[in-house]
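For reference, upload.txt is printed below; it contains compact mmCIF, C-alpha atoms and all ligand atoms.
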# COMPACT_ATOMS: atom_id res chain seq x y z
CA MET K 73 96.81 -200.33 -120.40
CA THR K 74 100.18 -198.79 -121.14
CA MET K 75 100.83 -195.72 -119.05
CA THR K 76 103.27 -193.69 -121.07
CA PRO K 77 103.47 -190.01 -121.91
CA PRO K 78 102.17 -188.98 -125.31
CA PRO K 79 104.64 -190.03 -127.97
CA VAL K 80 106.56 -187.40 -129.89
CA ALA K 81 107.77 -189.93 -132.40
CA THR K 82 107.22 -193.64 -132.20
CA PRO K 83 110.02 -196.02 -133.04
CA GLY K 84 108.85 -199.15 -134.77
CA PRO K 85 105.60 -199.71 -136.55
CA SER K 86 103.10 -196.89 -136.31
CA LEU K 87 100.11 -199.13 -136.85
CA VAL K 88 99.24 -202.20 -134.79
CA SER K 89 96.30 -204.50 -135.34
CA THR K 90 92.97 -204.45 -133.52
CA LEU K 91 90.81 -207.44 -132.73
CA PRO K 92 89.09 -208.95 -135.79
CA GLY K 93 85.58 -207.82 -136.68
CA ARG K 94 83.86 -210.95 -135.41
CA SER K 95 85.01 -210.15 -131.85
CA TYR K 96 82.28 -207.52 -131.91
CA THR K 97 79.51 -209.52 -133.55
CA ASP K 98 79.90 -213.23 -132.78
CA PRO K 99 77.34 -214.53 -130.24
CA GLU K 100 79.76 -217.25 -129.09
CA ILE K 101 82.49 -214.71 -128.33
CA PHE K 102 79.96 -212.56 -126.52
CA ARG K 103 78.84 -215.57 -124.49
CA ARG K 104 82.43 -216.27 -123.47
CA GLU K 105 82.97 -212.65 -122.49
CA GLN K 106 79.89 -212.81 -120.31
CA GLU K 107 81.00 -216.08 -118.73
CA ARG K 108 84.71 -215.38 -118.31
CA ILE K 109 84.80 -211.62 -117.78
CA PHE K 110 81.48 -210.22 -116.52
CA GLU K 111 80.69 -213.31 -114.42
CA THR K 112 84.15 -213.51 -112.83
CA ARG K 113 85.17 -209.88 -112.24
CA TRP K 114 83.97 -207.24 -109.78
CA ILE K 115 81.07 -205.39 -111.40
CA CYS K 116 79.89 -201.97 -110.27
CA ALA K 117 76.18 -202.68 -109.88
CA VAL K 118 74.16 -199.99 -108.08
CA ARG K 119 74.60 -196.76 -106.17
CA CYS K 120 74.30 -197.54 -102.45
CA ALA K 121 72.12 -194.46 -101.89
CA ASP K 122 69.57 -196.11 -104.19
CA LEU K 123 69.16 -198.68 -101.41
CA PRO K 124 68.29 -196.24 -98.63
CA LYS K 125 66.97 -198.74 -96.05
CA PRO K 126 66.46 -202.43 -95.24
CA GLY K 127 64.25 -204.08 -97.82
CA ALA K 128 64.94 -201.57 -100.58
CA TYR K 129 66.20 -203.53 -103.55
CA ARG K 130 67.54 -203.24 -107.08
CA THR K 131 68.01 -205.93 -109.69
CA VAL K 132 70.86 -205.74 -112.18
CA LEU K 133 72.11 -207.89 -115.01
CA VAL K 134 75.59 -209.22 -114.30
CA GLY K 135 76.76 -211.27 -117.24
CA ARG K 136 73.80 -213.54 -117.92
CA GLU K 137 72.49 -213.51 -114.34
CA SER K 138 69.93 -211.28 -112.67
CA VAL K 139 71.36 -210.21 -109.31
CA LEU K 140 69.18 -208.89 -106.50
CA ILE K 141 70.86 -206.35 -104.21
CA THR K 142 69.23 -205.24 -100.99
CA ARG K 143 69.91 -204.29 -97.39
CA SER K 144 69.40 -206.62 -94.45
CA ARG K 145 67.74 -205.59 -91.18
CA SER K 146 71.17 -204.50 -89.94
CA GLY K 147 71.53 -202.16 -92.92
CA GLY K 148 74.34 -204.17 -94.53
CA LEU K 149 74.39 -204.81 -98.25
CA ARG K 150 73.30 -208.25 -99.45
CA ALA K 151 73.38 -209.66 -102.95
CA PHE K 152 71.68 -212.82 -104.20
CA LEU K 153 70.99 -214.58 -107.45
CA ASN K 154 67.46 -213.45 -108.28
CA VAL K 155 66.20 -217.01 -108.60
CA CYS K 156 63.80 -218.81 -106.28
CA ARG K 157 65.27 -222.03 -104.88
CA HIS K 158 61.95 -223.88 -105.27
CA ARG K 159 61.29 -224.08 -108.99
CA GLY K 160 63.43 -221.24 -110.23
CA ALA K 161 61.00 -218.36 -110.69
CA ARG K 162 62.50 -214.90 -110.79
CA LEU K 163 61.99 -213.53 -107.31
CA CYS K 164 61.86 -209.80 -108.10
CA THR K 165 60.78 -208.85 -111.58
CA GLU K 166 61.06 -205.08 -111.19
CA ASP K 167 64.29 -203.09 -111.57
CA SER K 168 63.75 -201.62 -108.13
CA GLY K 169 61.33 -201.79 -105.25
CA GLU K 170 60.96 -202.18 -101.54
CA VAL K 171 59.79 -204.97 -99.28
CA ARG K 172 59.14 -204.71 -95.56
CA ARG K 173 60.83 -207.73 -94.04
CA THR K 174 60.87 -210.57 -96.52
CA LEU K 175 61.27 -211.47 -100.16
CA GLN K 176 58.38 -213.64 -101.28
CA CYS K 177 58.34 -215.57 -104.52
CA PRO K 178 55.20 -214.73 -106.50
CA TYR K 179 54.84 -218.34 -107.75
CA HIS K 180 54.27 -220.60 -104.69
CA ALA K 181 55.10 -218.09 -101.96
CA TRP K 182 58.41 -219.40 -100.72
CA THR K 183 59.57 -216.59 -98.46
CA TYR K 184 63.10 -215.51 -97.62
CA ASP K 185 64.38 -213.07 -95.04
CA LEU K 186 66.68 -210.21 -96.05
CA ASP K 187 69.70 -212.41 -95.32
CA GLY K 188 68.40 -214.92 -97.86
CA LEU K 189 67.31 -217.60 -95.36
CA LEU K 190 64.18 -219.56 -96.28
CA ILE K 191 61.78 -218.68 -93.49
CA ALA K 192 58.37 -219.70 -94.76
CA ALA K 193 56.68 -221.74 -97.46
CA PRO K 194 53.24 -223.29 -97.75
CA ASN K 195 53.29 -226.52 -95.71
CA LEU K 196 56.89 -226.02 -94.66
CA ALA K 197 55.97 -227.14 -91.13
CA ASN K 198 55.14 -230.54 -92.57
CA MET K 199 58.62 -230.84 -94.09
CA PRO K 200 60.79 -230.86 -90.96
CA ASP K 201 63.76 -232.25 -92.83
CA VAL K 202 64.12 -229.14 -95.00
CA ASP K 203 67.25 -227.19 -94.09
CA ARG K 204 66.22 -223.55 -94.36
CA ALA K 205 69.74 -222.22 -94.76
CA GLU K 206 70.57 -224.86 -97.32
CA ARG K 207 67.46 -223.87 -99.33
CA GLY K 208 68.07 -220.16 -98.93
CA LEU K 209 68.89 -217.76 -101.73
CA LEU K 210 72.32 -218.14 -103.26
CA THR K 211 74.54 -215.30 -102.17
CA VAL K 212 76.74 -213.18 -104.39
CA ALA K 213 79.87 -211.41 -103.11
CA VAL K 214 79.27 -207.71 -102.54
CA ARG K 215 81.55 -204.79 -101.61
CA GLU K 216 80.96 -201.08 -101.18
CA TRP K 217 83.37 -198.57 -102.73
CA LEU K 218 82.97 -195.03 -104.08
CA GLY K 219 79.36 -195.17 -102.88
CA TYR K 220 78.52 -198.12 -105.15
CA ALA K 221 77.74 -201.76 -104.47
CA TRP K 222 80.16 -203.90 -106.48
CA VAL K 223 79.28 -207.55 -106.94
CA CYS K 224 81.19 -210.59 -108.14
CA LEU K 225 79.66 -213.87 -109.28
CA ALA K 226 82.87 -215.87 -108.91
CA ASP K 227 83.01 -218.48 -106.14
CA GLU K 228 86.39 -217.04 -105.25
CA PRO K 229 86.37 -213.38 -106.30
CA PRO K 230 89.63 -211.75 -107.32
CA SER K 231 91.16 -209.37 -104.81
CA PHE K 232 89.05 -206.20 -104.82
CA VAL K 233 92.03 -204.15 -103.72
CA GLU K 234 94.19 -205.41 -106.54
CA SER K 235 91.69 -205.59 -109.38
CA VAL K 236 89.51 -202.53 -108.72
CA VAL K 237 91.23 -200.13 -106.33
CA GLY K 238 94.57 -201.03 -107.94
CA ALA K 239 93.32 -200.08 -111.42
CA VAL K 240 92.38 -196.62 -110.16
CA THR K 241 95.64 -196.20 -108.27
CA GLU K 242 97.65 -197.32 -111.28
CA ARG K 243 96.05 -194.58 -113.34
CA LEU K 244 96.11 -191.77 -110.77
CA GLY K 245 99.49 -192.69 -109.31
CA ASP K 246 98.44 -191.98 -105.73
CA PRO K 247 96.09 -194.22 -103.71
CA ALA K 248 94.75 -191.19 -101.83
CA ALA K 249 93.83 -189.27 -105.00
CA ILE K 250 90.47 -190.94 -105.62
CA GLU K 251 89.52 -190.82 -101.93
CA ARG K 252 89.82 -187.02 -101.88
CA TYR K 253 86.79 -186.75 -104.18
CA GLY K 254 84.72 -188.45 -101.46
CA ALA K 255 82.52 -190.10 -104.09
CA GLY K 256 80.69 -192.12 -101.42
CA GLU K 257 79.49 -188.94 -99.73
CA LEU K 258 78.45 -187.15 -102.91
CA ALA K 259 74.80 -187.00 -103.95
CA LEU K 260 73.26 -188.03 -107.25
CA GLY K 261 72.55 -184.90 -109.26
CA ARG K 262 71.50 -186.58 -112.49
CA ARG K 263 71.33 -190.06 -113.97
CA ILE K 264 70.96 -190.71 -117.68
CA SER K 265 70.66 -194.18 -119.22
CA TYR K 266 71.90 -194.74 -122.75
CA ASP K 267 70.83 -197.75 -124.79
CA VAL K 268 73.80 -197.99 -127.12
CA LYS K 269 73.57 -200.15 -130.25
CA ALA K 270 77.21 -201.18 -130.11
CA ASN K 271 79.43 -203.86 -128.64
CA TRP K 272 80.70 -203.06 -125.13
CA LYS K 273 84.35 -203.22 -126.25
CA LEU K 274 83.84 -200.43 -128.78
CA ILE K 275 82.65 -198.25 -125.90
CA VAL K 276 85.67 -199.13 -123.73
CA GLU K 277 88.11 -198.56 -126.60
CA ASN K 278 86.52 -195.23 -127.40
CA PHE K 279 86.81 -194.12 -123.80
CA MET K 280 90.48 -195.11 -123.72
CA GLU K 281 91.59 -192.86 -126.58
CA CYS K 282 91.38 -189.21 -127.40
CA TYR K 283 92.39 -189.41 -131.06
CA HIS K 284 88.72 -188.72 -131.81
CA CYS K 285 88.36 -185.75 -129.46
CA ALA K 286 89.27 -183.05 -131.95
CA THR K 287 86.83 -184.48 -134.47
CA ILE K 288 83.73 -185.11 -132.41
CA HIS K 289 83.98 -183.26 -129.07
CA PRO K 290 84.05 -179.50 -129.76
CA GLU K 291 82.65 -178.55 -126.35
CA LEU K 292 85.07 -180.83 -124.48
CA THR K 293 88.15 -179.63 -126.35
CA ASP K 294 87.13 -176.01 -125.66
CA VAL K 295 87.41 -176.77 -121.94
CA LEU K 296 90.34 -179.21 -122.24
CA PRO K 297 92.47 -177.87 -125.11
CA GLU K 298 95.14 -180.58 -124.90
CA PHE K 299 92.49 -183.12 -125.89
CA ALA K 300 92.42 -181.49 -129.30
CA GLU K 301 96.01 -182.58 -129.83
CA GLY K 302 94.89 -186.17 -130.26
CA PHE K 303 97.36 -187.69 -127.83
CA ALA K 304 96.24 -190.17 -125.22
CA ALA K 305 97.04 -187.49 -122.70
CA GLN K 306 94.64 -188.87 -120.16
CA TYR K 307 96.46 -192.16 -120.00
CA TYR K 308 99.79 -191.46 -118.45
CA VAL K 309 100.14 -191.98 -114.76
CA GLY K 310 98.93 -189.17 -112.58
CA HIS K 311 98.23 -186.81 -115.45
CA GLY K 312 95.09 -184.72 -115.42
CA ALA K 313 94.20 -182.54 -118.39
CA SER K 314 94.28 -178.83 -117.52
CA PHE K 315 91.26 -176.64 -118.02
CA ALA K 316 91.59 -173.92 -120.67
CA ASP K 317 92.69 -170.57 -119.27
CA GLY K 318 89.33 -169.09 -120.19
CA ALA K 319 87.25 -171.93 -118.75
CA GLU K 320 85.80 -171.08 -115.38
CA GLY K 321 84.33 -174.54 -114.84
CA PHE K 322 83.77 -177.98 -116.38
CA THR K 323 80.57 -176.91 -118.10
CA VAL K 324 79.24 -176.96 -121.63
CA ASP K 325 80.10 -173.30 -122.19
CA GLY K 326 83.03 -172.92 -119.78
CA SER K 327 80.86 -170.98 -117.35
CA PRO K 328 81.48 -171.44 -113.60
CA GLY K 329 80.53 -174.76 -112.09
CA PHE K 330 80.29 -175.24 -108.33
CA GLY K 331 82.74 -174.95 -105.45
CA ARG K 332 85.71 -177.27 -105.44
CA ILE K 333 85.29 -180.41 -103.34
CA PRO K 334 87.12 -179.22 -100.21
CA SER K 335 89.27 -182.30 -99.66
CA LEU K 336 90.91 -182.06 -103.10
CA GLY K 337 94.56 -181.16 -103.39
CA GLU K 338 95.82 -178.17 -105.37
CA GLU K 339 97.11 -180.53 -108.04
CA GLN K 340 93.53 -181.76 -108.56
CA ASP K 341 92.06 -178.30 -109.08
CA ARG K 342 91.16 -177.20 -112.62
CA ARG K 343 92.02 -180.64 -113.90
CA TYR K 344 90.17 -183.55 -115.46
CA PHE K 345 91.14 -187.15 -114.80
CA ALA K 346 89.64 -190.14 -116.61
CA VAL K 347 89.94 -193.67 -115.27
CA THR K 348 88.84 -196.99 -116.79
CA VAL K 349 88.17 -199.92 -114.47
CA GLN K 350 87.86 -202.97 -116.65
CA PRO K 351 85.51 -204.32 -117.69
CA GLN K 352 82.64 -201.87 -117.24
CA VAL K 353 83.36 -198.67 -115.30
CA PHE K 354 84.57 -195.24 -116.37
CA VAL K 355 85.23 -192.58 -113.77
CA ASN K 356 85.63 -188.91 -114.69
CA LEU K 357 86.97 -186.62 -111.99
CA VAL K 358 86.70 -182.80 -112.05
CA PRO K 359 87.01 -180.39 -109.13
CA ASP K 360 83.30 -179.98 -108.44
CA HIS K 361 81.82 -183.33 -109.47
CA VAL K 362 82.36 -186.96 -110.35
CA ILE K 363 80.84 -188.69 -113.36
CA LEU K 364 80.64 -192.47 -113.20
CA HIS K 365 79.55 -194.75 -116.04
CA ARG K 366 78.47 -198.35 -115.54
CA MET K 367 78.08 -200.58 -118.59
CA PHE K 368 75.87 -203.63 -118.89
CA PRO K 369 76.28 -205.61 -122.12
CA LEU K 370 72.90 -206.89 -123.36
CA ALA K 371 73.88 -208.43 -126.70
CA PRO K 372 76.91 -208.47 -129.03
CA ASP K 373 75.63 -205.25 -130.57
CA ARG K 374 73.84 -203.63 -127.63
CA THR K 375 75.04 -202.17 -124.32
CA LEU K 376 73.18 -200.32 -121.59
CA VAL K 377 75.22 -197.47 -120.11
CA GLU K 378 74.12 -195.81 -116.90
CA CYS K 379 75.81 -192.51 -116.22
CA ASP K 380 75.66 -190.75 -112.84
CA TRP K 381 76.63 -187.14 -112.17
CA LEU K 382 77.58 -186.78 -108.49
CA TYR K 383 77.85 -183.47 -106.63
CA MET K 384 78.35 -182.33 -103.08
CA THR K 385 75.17 -182.90 -101.10
CA GLU K 386 74.70 -179.18 -100.43
CA VAL K 387 74.81 -178.43 -104.16
CA VAL K 388 72.07 -180.95 -104.89
CA ALA K 389 70.05 -179.97 -101.79
CA SER K 390 70.17 -176.30 -102.76
CA GLY K 391 68.31 -177.06 -105.97
CA ALA K 392 71.12 -175.42 -107.95
CA ASP K 393 70.77 -175.54 -111.72
CA LEU K 394 72.99 -178.44 -112.84
CA GLU K 395 72.11 -178.09 -116.48
CA ARG K 396 75.30 -176.58 -117.95
CA SER K 397 77.40 -178.88 -115.80
CA VAL K 398 75.57 -182.05 -116.83
CA GLU K 399 75.20 -180.95 -120.44
CA LEU K 400 78.94 -181.06 -121.15
CA PHE K 401 79.43 -184.76 -120.53
CA HIS K 402 75.94 -185.66 -121.73
CA ARG K 403 76.95 -184.23 -125.11
CA VAL K 404 80.27 -186.09 -124.91
CA ASN K 405 78.33 -189.28 -124.21
CA LEU K 406 75.99 -188.73 -127.16
CA GLN K 407 78.93 -187.94 -129.43
CA ASP K 408 80.87 -191.00 -128.26
CA PHE K 409 77.95 -193.40 -128.46
CA ALA K 410 76.99 -192.13 -131.91
CA ALA K 411 80.56 -192.88 -133.01
CA CYS K 412 80.35 -196.38 -131.51
CA GLU K 413 77.02 -197.00 -133.23
CA ARG K 414 78.50 -195.80 -136.50
CA THR K 415 81.34 -198.29 -136.04
CA GLN K 416 79.29 -201.34 -135.04
CA PRO K 417 77.92 -202.18 -138.53
CA GLY K 418 81.48 -202.10 -139.92
CA MET K 419 82.45 -204.87 -137.52
CA GLY K 420 80.37 -207.29 -139.59
CA SER K 421 81.73 -206.09 -142.90
CA ARG K 422 84.18 -208.15 -144.94
CA ALA K 423 86.31 -204.99 -144.94
CA TYR K 424 86.96 -205.52 -141.23
CA ARG K 425 87.27 -209.31 -141.23
CA ALA K 426 90.94 -209.06 -140.16
CA GLY K 427 90.28 -206.00 -138.02
CA GLY K 428 91.62 -202.49 -138.28
CA VAL K 429 94.61 -200.64 -136.85
CA LEU K 430 95.61 -198.54 -133.85
CA VAL K 431 97.72 -195.41 -134.35
CA PRO K 432 100.45 -194.66 -131.76
CA SER K 433 98.18 -192.63 -129.48
CA GLU K 434 95.85 -195.64 -129.40
CA HIS K 435 98.48 -198.35 -128.91
CA HIS K 436 97.60 -198.76 -125.23
CA ILE K 437 94.22 -200.14 -126.38
CA GLY K 438 96.19 -203.18 -127.51
CA ALA K 439 96.66 -204.12 -123.85
CA PHE K 440 92.87 -204.14 -123.45
CA HIS K 441 92.54 -206.35 -126.52
CA ARG K 442 95.11 -208.79 -125.13
CA TRP K 443 93.33 -208.78 -121.76
CA VAL K 444 90.03 -209.72 -123.40
CA ALA K 445 91.61 -212.29 -125.71
CA GLU K 446 93.40 -214.01 -122.82
CA ALA K 447 90.27 -214.00 -120.68
CA ILE K 448 88.16 -215.75 -123.29
CA ALA K 449 90.82 -218.05 -124.74
CA PRO K 450 89.75 -221.67 -124.52
CA PRO K 451 91.49 -223.53 -121.69
CA VAL K 452 94.26 -225.90 -122.71
CA PRO K 453 92.69 -229.37 -122.76
CA ASP K 454 93.95 -231.81 -120.13
CA GLY K 455 96.98 -233.72 -121.32
CA ALA K 456 97.72 -231.27 -124.14
FE1 LIG X 1 59.30 -219.76 -106.14
FE2 LIG X 1 57.82 -221.91 -106.34
S1 LIG X 1 59.20 -221.10 -107.80
S2 LIG X 1 57.92 -220.52 -104.71
FE FE X 2 85.07 -189.32 -126.57
Using structure tokens, write down the structure that the file contains.
Ligand code: FES
Ligand code: FE
Amino acid sequence: MTMTPPPVATPGPSLVSTLPGRSYTDPEIFRREQERIFETRWICAVRCADLPKPGAYRTVLVGRESVLITRSRSGGLRAFLNVCRHRGARLCTEDSGEVRRTLQCPYHAWTYDLDGLLIAAPNLANMPDVDRAERGLLTVAVREWLGYAWVCLADEPPSFVESVVGAVTERLGDPAAIERYGAGELALGRRISYDVKANWKLIVENFMECYHCATIHPELTDVLPEFAEGFAAQYYVGHGASFADGAEGFTVDGSPGFGRIPSLGEEQDRRYFAVTVQPQVFVNLVPDHVILHRMFPLAPDRTLVECDWLYMTEVVASGADLERSVELFHRVNLQDFAACERTQPGMGSRAYRAGGVLVPSEHHIGAFHRWVAEAIAPPVPDGA
């Protein structure tokens, strides 16, 4: 994305083209995005605290694959393709669960330890030539950051530091800025899942611009008045939008929130920062909490969005009423996703066959479009 201050006047053309409509509807394009983006990049999969002990597991959809994430006996994170190596049955069919020591396939009872090694199977003793490591579950790269398990299906994952941490640093301008929120130590205050009937790119594009804020986010612009100006204020390096003078906290009615996260700097107080980590994470940073969205594309016109509100552990443990705090961004989410759902049908219209346009405060979305287009472009055939 382009990291420039809001334009006062833009030299050159005011309007630049978007992707064509079929980018948001075509099953073949969606398949390529799954294969070349979601199955090659680092994907923020689950909150580590949702795997509290060895044997606790979650399954998530990464591209077209079900990935099983658990903890080994040592407590370390492990990720596997959720496919039995015998005849391919799905090993864990639930979204979450807990096993004691082993993962057992419900079909013929092949049994794997929490490191993925095949340790038992009916009549295995009579098959001494079977290599148990060789027939173990296929591992998936996994990393922990911000209190989440990030996974990557690529055989050779891209550098996590460059592609994930670097995206956050590029936006915030200071590598220490994100660490001061201590997201890994925060506790889950609320989680809301949104089943959005829109293409995942519409959701990313919407998050990247604030041209719509004045129109659809009255509560947000009350707390962050500069968002009503329609500039992409949130997208220049290091800039956080200031709270309104009258706003005591980042809440639906501007009422006080909770105490500031103690490790934050003065420059992070009474400010809102928004970060996009392509392809599927949005991070919102305010002085007393962190809001993190994970997106999981299900179909060209359907995306699951999981949104976590994270607070200091003592706030959650105290049983404090989080309602007005959560309600602000929950409303923003509903407003944004309604806009995306209103846009999705237009993507299949002949009116949008050649696409639409980006105004100057949206021009940085063009970099996202180019990133997607390059990622899914067919390879140049050998000898061409
Ligand atoms: Fe899993 Fe047979 S398919 S044990
Ligand atoms: Fe919005």
Which residue, K:Gln340, K:Thr183, K:Asn271, K:Gln407, has the smallest gap to ligand LIG 1 (chain X) when you use all atoms listed in the file?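 Closest residue, counting all atoms listed in the file: K:Thr183.
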Per residue of chain K within 8 Å of ligand FE 2 (chain X), what are the shortest atom pair and its distance in Å to one decimal, counting all atoms listed in the file, with rows by chain and residue number, as JSON lines?
{"residue": "K:Asn278", "atom": "CA", "partner": "X:FE2", "partner_atom": "FE", "distance": 6.1}
{"residue": "K:Phe279", "atom": "CA", "partner": "X:FE2", "partner_atom": "FE", "distance": 5.8}
{"residue": "K:Glu281", "atom": "CA", "partner": "X:FE2", "partner_atom": "FE", "distance": 7.4}
{"residue": "K:Cys282", "atom": "CA", "partner": "X:FE2", "partner_atom": "FE", "distance": 6.4}
{"residue": "K:His284", "atom": "CA", "partner": "X:FE2", "partner_atom": "FE", "distance": 6.4}
{"residue": "K:Cys285", "atom": "CA", "partner": "X:FE2", "partner_atom": "FE", "distance": 5.6}
{"residue": "K:Ile288", "atom": "CA", "partner": "X:FE2", "partner_atom": "FE", "distance": 7.3}
{"residue": "K:His289", "atom": "CA", "partner": "X:FE2", "partner_atom": "FE", "distance": 6.6}
{"residue": "K:Val404", "atom": "CA", "partner": "X:FE2", "partner_atom": "FE", "distance": 6.0}
{"residue": "K:Asn405", "atom": "CA", "partner": "X:FE2", "partner_atom": "FE", "distance": 7.1}
{"residue": "K:Gln407", "atom": "CA", "partner": "X:FE2", "partner_atom": "FE", "distance": 6.9}
{"residue": "K:Asp408", "atom": "CA", "partner": "X:FE2", "partner_atom": "FE", "distance": 4.8}
Work out how far apart CA of Cys120 in chain K and CA of Ala213 in chain K are and give it in Å to one decimal. 15.0 Å
Closest-contact table, range 159-246 of chain K side, partner range 356-365 of chain K, 12 Å, counting all atoms listed in the file, as a Markdown table:
| residue | atom | partner | partner_atom | distance |
| --- | --- | --- | --- | --- |
| K:Leu218 | CA | K:Leu364 | CA | 9.8 |
| K:Gly219 | CA | K:Leu364 | CA | 10.7 |
| K:Tyr220 | CA | K:Leu364 | CA | 10.1 |
| K:Val240 | CA | K:Asn356 | CA | 11.2 |
| K:Arg243 | CA | K:Asn356 | CA | 11.9 |
| K:Leu244 | CA | K:Leu357 | CA | 10.6 |
Using all atoms listed in the file, find each residue in chain K having at least one atom no more than 8 Å away from ligand LIG 1 (chain X); report its shortest atom-to-atom pair and that distance in Å (one decimal), rows by chain then rising number, as JSON lines.
{"residue": "K:Val155", "atom": "CA", "partner": "X:LIG1", "partner_atom": "FE1", "distance": 7.8}
{"residue": "K:Cys156", "atom": "CA", "partner": "X:LIG1", "partner_atom": "FE1", "distance": 4.6}
{"residue": "K:Arg157", "atom": "CA", "partner": "X:LIG1", "partner_atom": "FE1", "distance": 6.5}
{"residue": "K:His158", "atom": "CA", "partner": "X:LIG1", "partner_atom": "S1", "distance": 4.7}
{"residue": "K:Arg159", "atom": "CA", "partner": "X:LIG1", "partner_atom": "S1", "distance": 3.8}
{"residue": "K:Gly160", "atom": "CA", "partner": "X:LIG1", "partner_atom": "S1", "distance": 4.9}
{"residue": "K:Ala161", "atom": "CA", "partner": "X:LIG1", "partner_atom": "S1", "distance": 4.4}
{"residue": "K:Arg162", "atom": "CA", "partner": "X:LIG1", "partner_atom": "FE1", "distance": 7.4}
{"residue": "K:Leu163", "atom": "CA", "partner": "X:LIG1", "partner_atom": "FE1", "distance": 6.9}
{"residue": "K:Gln176", "atom": "CA", "partner": "X:LIG1", "partner_atom": "S2", "distance": 7.7}
{"residue": "K:Cys177", "atom": "CA", "partner": "X:LIG1", "partner_atom": "FE1", "distance": 4.6}
{"residue": "K:Pro178", "atom": "CA", "partner": "X:LIG1", "partner_atom": "FE1", "distance": 6.5}
{"residue": "K:Tyr179", "atom": "CA", "partner": "X:LIG1", "partner_atom": "S2", "distance": 4.8}
{"residue": "K:His180", "atom": "CA", "partner": "X:LIG1", "partner_atom": "S2", "distance": 3.7}
{"residue": "K:Ala181", "atom": "CA", "partner": "X:LIG1", "partner_atom": "S2", "distance": 4.6}
{"residue": "K:Trp182", "atom": "CA", "partner": "X:LIG1", "partner_atom": "S2", "distance": 4.2}
{"residue": "K:Thr183", "atom": "CA", "partner": "X:LIG1", "partner_atom": "S2", "distance": 7.6}
{"residue": "K:Ala193", "atom": "CA", "partner": "X:LIG1", "partner_atom": "S2", "distance": 7.5}
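Note that CA of Gly391 in chain K and CA of Glu291 in chain K are 25.0 Å apart.
Distance-wise, CA of Pro124 in chain K and CA of Gly148 in chain K end up 10.8 Å apart.
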